[in-house]
$ cat data_10.tsv   # TSV, N, CA and C atoms
chain	number	residue	atom	x	y	z
A	12	MET	N	7.13	-7.70	12.20
A	12	MET	CA	6.32	-6.71	11.52
A	12	MET	C	7.22	-5.93	10.56
A	13	ALA	N	6.82	-5.89	9.30
A	13	ALA	CA	7.59	-5.17	8.29
A	13	ALA	C	7.36	-3.67	8.41
A	14	LEU	N	8.33	-2.90	7.98
A	14	LEU	CA	8.16	-1.45	7.94
A	14	LEU	C	7.44	-1.08	6.65
A	15	PRO	N	6.43	-0.22	6.72
A	15	PRO	CA	5.71	0.18	5.51
A	15	PRO	C	6.64	0.89	4.53
A	16	LYS	N	6.33	0.72	3.25
A	16	LYS	CA	7.11	1.44	2.23
A	16	LYS	C	6.25	1.71	1.01
A	17	PHE	N	6.66	2.73	0.26
A	17	PHE	CA	6.06	3.11	-1.01
A	17	PHE	C	7.07	2.84	-2.11
A	18	VAL	N	6.59	2.34	-3.27
A	18	VAL	CA	7.47	2.08	-4.41
A	18	VAL	C	6.77	2.53	-5.69
A	19	LEU	N	7.49	3.29	-6.51
A	19	LEU	CA	7.02	3.66	-7.85
A	19	LEU	C	8.24	3.68	-8.75
A	20	GLY	N	8.33	2.68	-9.64
A	20	GLY	CA	9.50	2.57	-10.51
A	20	GLY	C	10.76	2.42	-9.67
A	21	ALA	N	11.73	3.28	-9.92
A	21	ALA	CA	13.00	3.24	-9.18
A	21	ALA	C	12.93	4.01	-7.87
A	22	SER	N	11.84	4.72	-7.62
A	22	SER	CA	11.69	5.51	-6.39
A	22	SER	C	11.11	4.65	-5.28
A	23	GLU	N	11.71	4.76	-4.11
A	23	GLU	CA	11.24	3.99	-2.96
A	23	GLU	C	11.32	4.86	-1.71
A	24	LEU	N	10.27	4.77	-0.89
A	24	LEU	CA	10.24	5.46	0.39
A	24	LEU	C	10.03	4.40	1.46
A	25	GLN	N	11.07	4.12	2.23
A	25	GLN	CA	11.02	3.15	3.32
A	25	GLN	C	10.91	3.93	4.63
A	26	PHE	N	9.86	3.68	5.40
A	26	PHE	CA	9.68	4.37	6.67
A	26	PHE	C	10.61	3.78	7.72
A	27	SER	N	11.10	4.62	8.61
A	27	SER	CA	12.03	4.15	9.64
A	27	SER	C	11.30	3.55	10.84
A	28	ARG	N	9.98	3.71	10.88
A	28	ARG	CA	9.19	3.21	12.01
A	28	ARG	C	7.97	2.48	11.48
A	29	GLY	N	7.41	1.60	12.32
A	29	GLY	CA	6.21	0.87	11.95
A	29	GLY	C	4.96	1.73	12.06
A	30	ILE	N	3.83	1.14	11.78
A	30	ILE	CA	2.56	1.84	11.82
A	30	ILE	C	2.16	2.14	13.27
A	31	GLN	N	1.25	3.08	13.43
A	31	GLN	CA	0.71	3.43	14.74
A	31	GLN	C	-0.63	2.71	14.94
A	32	TYR	N	-0.79	2.09	16.07
A	32	TYR	CA	-2.05	1.42	16.40
A	32	TYR	C	-2.90	2.34	17.25
A	33	PRO	N	-4.20	2.23	17.21
A	33	PRO	CA	-4.99	1.31	16.39
A	33	PRO	C	-5.02	1.76	14.93
A	34	THR	N	-5.25	0.82	14.03
A	34	THR	CA	-5.35	1.12	12.61
A	34	THR	C	-6.78	0.84	12.14
A	35	SER	N	-7.10	1.33	10.96
A	35	SER	CA	-8.40	1.01	10.38
A	35	SER	C	-8.21	0.72	8.90
A	36	ARG	N	-9.14	-0.02	8.36
A	36	ARG	CA	-9.15	-0.36	6.94
A	36	ARG	C	-10.57	-0.24	6.41
A	37	PRO	N	-11.07	1.01	6.28
A	37	PRO	CA	-12.45	1.20	5.85
A	37	PRO	C	-12.75	0.59	4.47
A	38	HIS	N	-13.95	0.09	4.32
A	38	HIS	CA	-14.44	-0.48	3.07
A	38	HIS	C	-15.82	0.12	2.84
A	39	GLU	N	-15.98	0.81	1.73
A	39	GLU	CA	-17.24	1.50	1.43
A	39	GLU	C	-17.83	0.97	0.13
A	40	LYS	N	-19.12	0.60	0.17
A	40	LYS	CA	-19.85	0.24	-1.04
A	40	LYS	C	-20.57	1.50	-1.50
A	41	ILE	N	-20.41	1.85	-2.75
A	41	ILE	CA	-21.05	3.04	-3.28
A	41	ILE	C	-22.46	2.67	-3.74
A	42	GLN	N	-23.44	3.20	-3.02
A	42	GLN	CA	-24.84	2.95	-3.32
A	42	GLN	C	-25.60	4.27	-3.21
A	43	VAL	N	-26.64	4.39	-4.00
A	43	VAL	CA	-27.47	5.58	-3.98
A	43	VAL	C	-28.81	5.20	-3.37
A	44	ALA	N	-29.25	5.99	-2.39
A	44	ALA	CA	-30.53	5.74	-1.74
A	44	ALA	C	-31.43	6.96	-1.91
A	45	ASP	N	-32.70	6.70	-2.22
A	45	ASP	CA	-33.67	7.79	-2.36
A	45	ASP	C	-35.05	7.22	-2.06
A	46	ARG	N	-35.98	8.09	-1.80
A	46	ARG	CA	-37.34	7.66	-1.50
A	46	ARG	C	-38.27	8.03	-2.65
A	47	THR	N	-39.23	7.17	-2.91
A	47	THR	CA	-40.25	7.45	-3.91
A	47	THR	C	-41.28	8.41	-3.31
A	48	ALA	N	-42.20	8.87	-4.13
A	48	ALA	CA	-43.26	9.76	-3.66
A	48	ALA	C	-44.10	9.10	-2.58
A	49	SER	N	-44.19	7.77	-2.60
A	49	SER	CA	-44.97	7.05	-1.58
A	49	SER	C	-44.15	6.73	-0.34
A	50	GLY	N	-42.88	7.12	-0.32
A	50	GLY	CA	-42.04	6.91	0.85
A	50	GLY	C	-41.23	5.63	0.85
A	51	GLU	N	-41.34	4.85	-0.22
A	51	GLU	CA	-40.58	3.60	-0.30
A	51	GLU	C	-39.11	3.91	-0.56
A	52	LEU	N	-38.24	3.22	0.16
A	52	LEU	CA	-36.79	3.40	-0.01
A	52	LEU	C	-36.32	2.58	-1.20
A	53	GLN	N	-35.62	3.23	-2.12
A	53	GLN	CA	-35.06	2.55	-3.28
A	53	GLN	C	-33.54	2.68	-3.22
A	54	ILE	N	-32.86	1.57	-3.48
A	54	ILE	CA	-31.41	1.53	-3.42
A	54	ILE	C	-30.88	1.11	-4.79
A	55	GLU	N	-29.89	1.83	-5.28
A	55	GLU	CA	-29.20	1.43	-6.50
A	55	GLU	C	-27.74	1.19	-6.14
A	56	ASP	N	-27.30	-0.04	-6.39
A	56	ASP	CA	-25.91	-0.40	-6.14
A	56	ASP	C	-25.10	-0.06	-7.39
A	57	LEU	N	-24.12	0.83	-7.25
A	57	LEU	CA	-23.32	1.25	-8.39
A	57	LEU	C	-22.19	0.28	-8.72
A	58	GLY	N	-22.06	-0.78	-7.91
A	58	GLY	CA	-21.06	-1.80	-8.18
A	58	GLY	C	-19.64	-1.35	-7.92
A	59	ILE	N	-19.48	-0.34	-7.09
A	59	ILE	CA	-18.14	0.19	-6.80
A	59	ILE	C	-17.85	0.01	-5.32
A	60	ASP	N	-16.70	-0.56	-5.03
A	60	ASP	CA	-16.21	-0.66	-3.65
A	60	ASP	C	-14.99	0.22	-3.53
A	61	ILE	N	-14.89	0.94	-2.42
A	61	ILE	CA	-13.72	1.77	-2.16
A	61	ILE	C	-13.11	1.31	-0.85
A	62	ARG	N	-11.84	0.95	-0.92
A	62	ARG	CA	-11.10	0.55	0.28
A	62	ARG	C	-10.03	1.61	0.53
A	63	THR	N	-9.92	2.03	1.77
A	63	THR	CA	-8.93	3.04	2.11
A	63	THR	C	-8.00	2.52	3.20
A	64	ARG	N	-6.83	3.11	3.25
A	64	ARG	CA	-5.83	2.78	4.27
A	64	ARG	C	-5.31	4.09	4.85
A	65	PRO	N	-5.92	4.58	5.92
A	65	PRO	CA	-5.37	5.78	6.56
A	65	PRO	C	-4.08	5.42	7.30
A	66	LEU	N	-3.01	6.14	7.04
A	66	LEU	CA	-1.74	5.92	7.73
A	66	LEU	C	-1.56	7.07	8.72
A	67	VAL	N	-1.59	6.75	9.99
A	67	VAL	CA	-1.46	7.76	11.04
A	67	VAL	C	-0.02	7.76	11.53
A	68	PHE	N	0.57	8.94	11.52
A	68	PHE	CA	1.95	9.10	11.98
A	68	PHE	C	1.97	9.96	13.23
A	69	LYS	N	2.66	9.48	14.25
A	69	LYS	CA	2.82	10.23	15.49
A	69	LYS	C	4.30	10.30	15.83
A	70	ASN	N	4.74	11.49	16.18
A	70	ASN	CA	6.13	11.67	16.59
A	70	ASN	C	7.11	11.22	15.49
A	71	LEU	N	6.76	11.54	14.26
A	71	LEU	CA	7.55	11.15	13.09
A	71	LEU	C	8.85	11.94	13.04
A	72	PRO	N	10.00	11.27	12.86
A	72	PRO	CA	11.27	12.00	12.78
A	72	PRO	C	11.33	12.93	11.57
A	73	GLN	N	12.12	13.96	11.66
A	73	GLN	CA	12.27	14.97	10.60
A	73	GLN	C	12.60	14.32	9.26
A	74	ALA	N	13.50	13.33	9.25
A	74	ALA	CA	13.91	12.70	7.99
A	74	ALA	C	12.72	12.02	7.31
A	75	ASP	N	11.88	11.32	8.06
A	75	ASP	CA	10.70	10.67	7.48
A	75	ASP	C	9.72	11.72	6.98
A	76	TYR	N	9.52	12.77	7.74
A	76	TYR	CA	8.63	13.86	7.31
A	76	TYR	C	9.12	14.47	6.00
A	77	ASP	N	10.42	14.74	5.91
A	77	ASP	CA	10.99	15.30	4.68
A	77	ASP	C	10.80	14.33	3.50
A	78	ASN	N	10.99	13.03	3.76
A	78	ASN	CA	10.82	12.03	2.71
A	78	ASN	C	9.38	11.94	2.23
A	79	ILE	N	8.41	12.03	3.15
A	79	ILE	CA	6.99	12.02	2.77
A	79	ILE	C	6.68	13.25	1.92
A	80	THR	N	7.18	14.41	2.34
A	80	THR	CA	6.93	15.64	1.59
A	80	THR	C	7.51	15.55	0.19
A	81	THR	N	8.73	15.04	0.07
A	81	THR	CA	9.37	14.88	-1.25
A	81	THR	C	8.59	13.89	-2.10
A	82	TRP	N	8.17	12.76	-1.52
A	82	TRP	CA	7.38	11.76	-2.25
A	82	TRP	C	6.10	12.40	-2.77
A	83	TYR	N	5.41	13.12	-1.91
A	83	TYR	CA	4.14	13.76	-2.27
A	83	TYR	C	4.33	14.80	-3.38
A	84	ASP	N	5.39	15.60	-3.28
A	84	ASP	CA	5.63	16.67	-4.25
A	84	ASP	C	6.13	16.17	-5.60
A	85	THR	N	6.97	15.14	-5.59
A	85	THR	CA	7.65	14.76	-6.84
A	85	THR	C	7.28	13.39	-7.39
A	86	VAL	N	7.10	12.40	-6.55
A	86	VAL	CA	6.87	11.04	-7.04
A	86	VAL	C	5.37	10.79	-7.26
A	87	SER	N	4.58	10.91	-6.21
A	87	SER	CA	3.14	10.69	-6.38
A	87	SER	C	2.49	11.90	-7.03
A	88	ASP	N	3.20	13.03	-7.03
A	88	ASP	CA	2.69	14.28	-7.61
A	88	ASP	C	1.31	14.60	-7.03
A	89	GLY	N	1.29	14.70	-5.70
A	89	GLY	CA	0.02	14.92	-5.01
A	89	GLY	C	-0.84	13.68	-5.13
A	90	ILE	N	-2.02	13.83	-5.70
A	90	ILE	CA	-2.93	12.69	-5.86
A	90	ILE	C	-2.89	12.12	-7.29
A	91	MET	N	-1.95	12.59	-8.10
A	91	MET	CA	-1.91	12.23	-9.52
A	91	MET	C	-1.54	10.76	-9.77
A	92	ASN	N	-0.45	10.28	-9.19
A	92	ASN	CA	0.10	8.97	-9.56
A	92	ASN	C	-0.22	7.88	-8.55
A	93	THR	N	-0.49	6.68	-9.07
A	93	THR	CA	-0.63	5.51	-8.21
A	93	THR	C	0.75	4.91	-7.97
A	94	PHE	N	0.87	4.14	-6.90
A	94	PHE	CA	2.14	3.49	-6.58
A	94	PHE	C	1.85	2.25	-5.74
A	95	THR	N	2.87	1.45	-5.47
A	95	THR	CA	2.71	0.24	-4.67
A	95	THR	C	3.00	0.56	-3.21
A	96	PHE	N	2.09	0.15	-2.35
A	96	PHE	CA	2.24	0.30	-0.91
A	96	PHE	C	2.43	-1.08	-0.31
A	97	TYR	N	3.49	-1.26	0.47
A	97	TYR	CA	3.74	-2.49	1.21
A	97	TYR	C	3.38	-2.20	2.66
A	98	ASP	N	2.39	-2.92	3.19
A	98	ASP	CA	1.93	-2.64	4.55
A	98	ASP	C	2.78	-3.36	5.59
A	99	GLU	N	2.32	-3.30	6.83
A	99	GLU	CA	3.07	-3.87	7.96
A	99	GLU	C	3.19	-5.38	7.91
A	100	THR	N	2.35	-6.05	7.10
A	100	THR	CA	2.44	-7.50	6.95
A	100	THR	C	3.28	-7.90	5.75
A	101	GLY	N	3.74	-6.91	4.98
A	101	GLY	CA	4.49	-7.18	3.77
A	101	GLY	C	3.61	-7.33	2.54
A	102	SER	N	2.28	-7.23	2.72
A	102	SER	CA	1.35	-7.32	1.58
A	102	SER	C	1.47	-6.07	0.73
A	103	SER	N	1.35	-6.24	-0.58
A	103	SER	CA	1.43	-5.09	-1.49
A	103	SER	C	0.07	-4.80	-2.11
A	104	MET	N	-0.15	-3.53	-2.38
A	104	MET	CA	-1.38	-3.10	-3.05
A	104	MET	C	-1.10	-1.81	-3.80
A	105	THR	N	-1.80	-1.60	-4.90
A	105	THR	CA	-1.69	-0.36	-5.65
A	105	THR	C	-2.60	0.66	-4.98
A	106	VAL	N	-2.03	1.83	-4.68
A	106	VAL	CA	-2.77	2.87	-3.96
A	106	VAL	C	-2.55	4.23	-4.60
A	107	ARG	N	-3.36	5.17	-4.14
A	107	ARG	CA	-3.22	6.57	-4.52
A	107	ARG	C	-3.42	7.39	-3.25
A	108	ILE	N	-2.59	8.40	-3.04
A	108	ILE	CA	-2.81	9.32	-1.93
A	108	ILE	C	-4.03	10.17	-2.28
A	109	THR	N	-4.94	10.34	-1.33
A	109	THR	CA	-6.13	11.15	-1.59
A	109	THR	C	-6.10	12.48	-0.83
A	110	ASN	N	-5.04	12.73	-0.06
A	110	ASN	CA	-4.91	14.03	0.60
A	110	ASN	C	-4.59	15.10	-0.44
A	111	THR	N	-5.41	16.11	-0.55
A	111	THR	CA	-5.08	17.22	-1.44
A	111	THR	C	-4.18	18.23	-0.73
A	112	THR	N	-4.08	18.10	0.59
A	112	THR	CA	-3.20	18.94	1.39
A	112	THR	C	-2.48	18.07	2.40
A	113	LEU	N	-1.17	18.22	2.51
A	113	LEU	CA	-0.44	17.58	3.60
A	113	LEU	C	-0.53	18.51	4.80
A	114	ASP	N	-1.11	18.02	5.88
A	114	ASP	CA	-1.31	18.86	7.05
A	114	ASP	C	-0.73	18.17	8.27
A	115	PHE	N	0.59	18.09	8.33
A	115	PHE	CA	1.28	17.50	9.47
A	115	PHE	C	1.59	18.59	10.48
A	116	LYS	N	1.36	18.31	11.74
A	116	LYS	CA	1.65	19.27	12.81
A	116	LYS	C	3.04	18.98	13.39
A	117	GLN	N	3.76	20.03	13.72
A	117	GLN	CA	5.05	19.83	14.39
A	117	GLN	C	4.77	19.73	15.89
A	118	ASP	N	5.06	18.56	16.46
A	118	ASP	CA	4.78	18.30	17.88
A	118	ASP	C	5.89	18.80	18.79
A	119	SER	N	7.09	18.67	18.33
A	119	SER	CA	8.25	19.12	19.08
A	119	SER	C	9.39	19.27	18.08
A	120	TYR	N	10.58	19.53	18.58
A	120	TYR	CA	11.72	19.75	17.70
A	120	TYR	C	11.94	18.54	16.80
A	121	GLN	N	11.81	18.74	15.48
A	121	GLN	CA	12.02	17.72	14.45
A	121	GLN	C	11.13	16.49	14.61
A	122	ARG	N	9.92	16.68	15.13
A	122	ARG	CA	8.95	15.60	15.27
A	122	ARG	C	7.60	16.07	14.76
A	123	TYR	N	6.93	15.22	13.94
A	123	TYR	CA	5.69	15.60	13.27
A	123	TYR	C	4.64	14.52	13.44
A	124	SER	N	3.38	14.94	13.37
A	124	SER	CA	2.25	14.01	13.40
A	124	SER	C	1.26	14.42	12.31
A	125	GLY	N	0.67	13.42	11.70
A	125	GLY	CA	-0.31	13.68	10.65
A	125	GLY	C	-0.84	12.39	10.09
A	126	GLN	N	-1.59	12.50	9.01
A	126	GLN	CA	-2.21	11.33	8.40
A	126	GLN	C	-2.12	11.41	6.89
A	127	LEU	N	-1.78	10.28	6.28
A	127	LEU	CA	-1.87	10.12	4.83
A	127	LEU	C	-3.03	9.18	4.56
A	128	ASP	N	-3.91	9.58	3.67
A	128	ASP	CA	-5.04	8.74	3.31
A	128	ASP	C	-4.75	8.10	1.97
A	129	LEU	N	-4.71	6.77	1.97
A	129	LEU	CA	-4.45	6.00	0.75
A	129	LEU	C	-5.74	5.32	0.32
A	130	GLU	N	-6.03	5.39	-0.97
A	130	GLU	CA	-7.16	4.67	-1.53
A	130	GLU	C	-6.61	3.51	-2.34
A	131	VAL	N	-7.08	2.31	-2.03
A	131	VAL	CA	-6.63	1.11	-2.75
A	131	VAL	C	-7.29	1.12	-4.12
A	132	VAL	N	-6.47	0.98	-5.16
A	132	VAL	CA	-6.97	0.96	-6.54
A	132	VAL	C	-7.32	-0.47	-6.89
A	133	LEU	N	-8.62	-0.74	-7.02
A	133	LEU	CA	-9.08	-2.09	-7.33
A	133	LEU	C	-9.15	-2.25	-8.85
A	134	SER	N	-8.68	-3.39	-9.32
A	134	SER	CA	-8.71	-3.60	-10.78
A	134	SER	C	-9.82	-4.53	-11.18
$ encode --input "data_10.tsv" --output "structure tokens"
Amino acid sequence: MALPKFVLGASELQFSRGIQYPTSRPHEKIQVADRTASGELQIEDLGIDIRTRPLVFKNLPQADYDNITTWYDTVSDGIMNTFTFYDETGSSMTVRITNTTLDFKQDSYQRYSGQLDLEVVLS
């Protein structure tokens, strides 16, 4: 199992630990549903799929937490910039962080838990 990493240009963030199980890979189709005056359900498919990759971190070492914070503040610039994410299988995808706030809890001395939500950018 490969260690997840983020890459943008010359900047790279390699995590020191693997992903936490269980994982999820949500896939959402964007559709609008409404009812007519007669009660008939009408669906409009907007042709947009959204795939997300929530990364759950538990008992994350201080160094990894600091690296995530630096990446978020300077490289991804919050939710501004897309970058390449290499997952636990070594597969790469272009993603964007969608967290507008980093909310990691300190579990114990120099250990943190939290979640980064990545949205896969489909071309």
$ residues_around --input "data_10.tsv" --residues "segment 62-74 of chain A" --least-positions-apart "5" --cutoff "5 Å" --atoms "all atoms listed in the file" --output "PyMOL selection string"
chain A and resi 36-39+121-131
$ atom_distance --input "data_10.tsv" --atom1 "atom CA of Thr109 of chain A" --atom2 "atom CA of Val132 of chain A"
11.4 Å
$ atom_distance --input "data_10.tsv" --atom1 "atom C of Tyr120 of chain A" --atom2 "atom C of Val106 of chain A"
29.5 Å
$ closest_residue --input "data_10.tsv" --among "A:Ile61, A:Ile90, A:Ala21, A:Ala13" --to "Lys40 of chain A" --atoms "only N, CA and C atoms"
A:Ile61
$ atom_distance --input "data_10.tsv" --atom1 "atom CA of Gly101 of chain A" --atom2 "atom CA of Asp60 of chain A"
22.9 Å
$ residues_around --input "data_10.tsv" --residues "Val18 of chain A" --least-positions-apart "4" --cutoff "7 Å" --atoms "all atoms listed in the file" --output "PDB file with N, CA and C atoms, in the coordinates of the input"
ATOM      1  N   SER A  22      11.840   4.720  -7.620  1.00  0.00           N
ATOM      2  CA  SER A  22      11.690   5.510  -6.390  1.00  0.00           C
ATOM      3  C   SER A  22      11.110   4.650  -5.280  1.00  0.00           C
ATOM      4  N   GLU A  23      11.710   4.760  -4.110  1.00  0.00           N
ATOM      5  CA  GLU A  23      11.240   3.990  -2.960  1.00  0.00           C
ATOM      6  C   GLU A  23      11.320   4.860  -1.710  1.00  0.00           C
ATOM      7  N   LEU A  24      10.270   4.770  -0.890  1.00  0.00           N
ATOM      8  CA  LEU A  24      10.240   5.460   0.390  1.00  0.00           C
ATOM      9  C   LEU A  24      10.030   4.400   1.460  1.00  0.00           C
ATOM     10  N   THR A  93      -0.490   6.680  -9.070  1.00  0.00           N
ATOM     11  CA  THR A  93      -0.630   5.510  -8.210  1.00  0.00           C
ATOM     12  C   THR A  93       0.750   4.910  -7.970  1.00  0.00           C
ATOM     13  N   PHE A  94       0.870   4.140  -6.900  1.00  0.00           N
ATOM     14  CA  PHE A  94       2.140   3.490  -6.580  1.00  0.00           C
ATOM     15  C   PHE A  94       1.850   2.250  -5.740  1.00  0.00           C
ATOM     16  N   THR A  95       2.870   1.450  -5.470  1.00  0.00           N
ATOM     17  CA  THR A  95       2.710   0.240  -4.670  1.00  0.00           C
ATOM     18  C   THR A  95       3.000   0.560  -3.210  1.00  0.00           C
ATOM     19  N   PHE A  96       2.090   0.150  -2.350  1.00  0.00           N
ATOM     20  CA  PHE A  96       2.240   0.300  -0.910  1.00  0.00           C
ATOM     21  C   PHE A  96       2.430  -1.080  -0.310  1.00  0.00           C
ATOM     22  N   TYR A  97       3.490  -1.260   0.470  1.00  0.00           N
ATOM     23  CA  TYR A  97       3.740  -2.490   1.210  1.00  0.00           C
ATOM     24  C   TYR A  97       3.380  -2.200   2.660  1.00  0.00           C
TER      25      TYR A  97
END
$ select_by_dssp --input "data_10.tsv" --residues "chain A" --states "strand (DSSP E)" --output "ChimeraX atom specification"
/A:16-19,22-25,38-46,52-72,94-97,103-108,116-119,122-131
$ closest_residue --input "data_10.tsv" --among "A:Ile54, A:Thr100, A:Ser49, A:Asn92" --to "Leu14 of chain A" --atoms "all atoms listed in the file"
A:Thr100
$ axis_aligned_box --input "data_10.tsv" --around "segment 46-56 of chain A" --padding-each-side "6 Å" --output "JSON"
{"center_x": -35.0, "center_y": 4.7, "center_z": -3.3, "size_x": 31.9, "size_y": 22.2, "size_z": 20.2}
$ select_by_dssp --input "data_10.tsv" --residues "segment 75-120 of chain A" --states "alpha helix (DSSP H)" --output "ChimeraX atom specification"
/A:75-81
$ write_last_selection --input "data_10.tsv" --atoms "N, CA and C atoms" --output "PDB file, in the coordinates of the input"
ATOM      1  N   ASP A  75      11.880  11.320   8.060  1.00  0.00           N
ATOM      2  CA  ASP A  75      10.700  10.670   7.480  1.00  0.00           C
ATOM      3  C   ASP A  75       9.720  11.720   6.980  1.00  0.00           C
ATOM      4  N   TYR A  76       9.520  12.770   7.740  1.00  0.00           N
ATOM      5  CA  TYR A  76       8.630  13.860   7.310  1.00  0.00           C
ATOM      6  C   TYR A  76       9.120  14.470   6.000  1.00  0.00           C
ATOM      7  N   ASP A  77      10.420  14.740   5.910  1.00  0.00           N
ATOM      8  CA  ASP A  77      10.990  15.300   4.680  1.00  0.00           C
ATOM      9  C   ASP A  77      10.800  14.330   3.500  1.00  0.00           C
ATOM     10  N   ASN A  78      10.990  13.030   3.760  1.00  0.00           N
ATOM     11  CA  ASN A  78      10.820  12.030   2.710  1.00  0.00           C
ATOM     12  C   ASN A  78       9.380  11.940   2.230  1.00  0.00           C
ATOM     13  N   ILE A  79       8.410  12.030   3.150  1.00  0.00           N
ATOM     14  CA  ILE A  79       6.990  12.020   2.770  1.00  0.00           C
ATOM     15  C   ILE A  79       6.680  13.250   1.920  1.00  0.00           C
ATOM     16  N   THR A  80       7.180  14.410   2.340  1.00  0.00           N
ATOM     17  CA  THR A  80       6.930  15.640   1.590  1.00  0.00           C
ATOM     18  C   THR A  80       7.510  15.550   0.190  1.00  0.00           C
ATOM     19  N   THR A  81       8.730  15.040   0.070  1.00  0.00           N
ATOM     20  CA  THR A  81       9.370  14.880  -1.250  1.00  0.00           C
ATOM     21  C   THR A  81       8.590  13.890  -2.100  1.00  0.00           C
TER      22      THR A  81
END
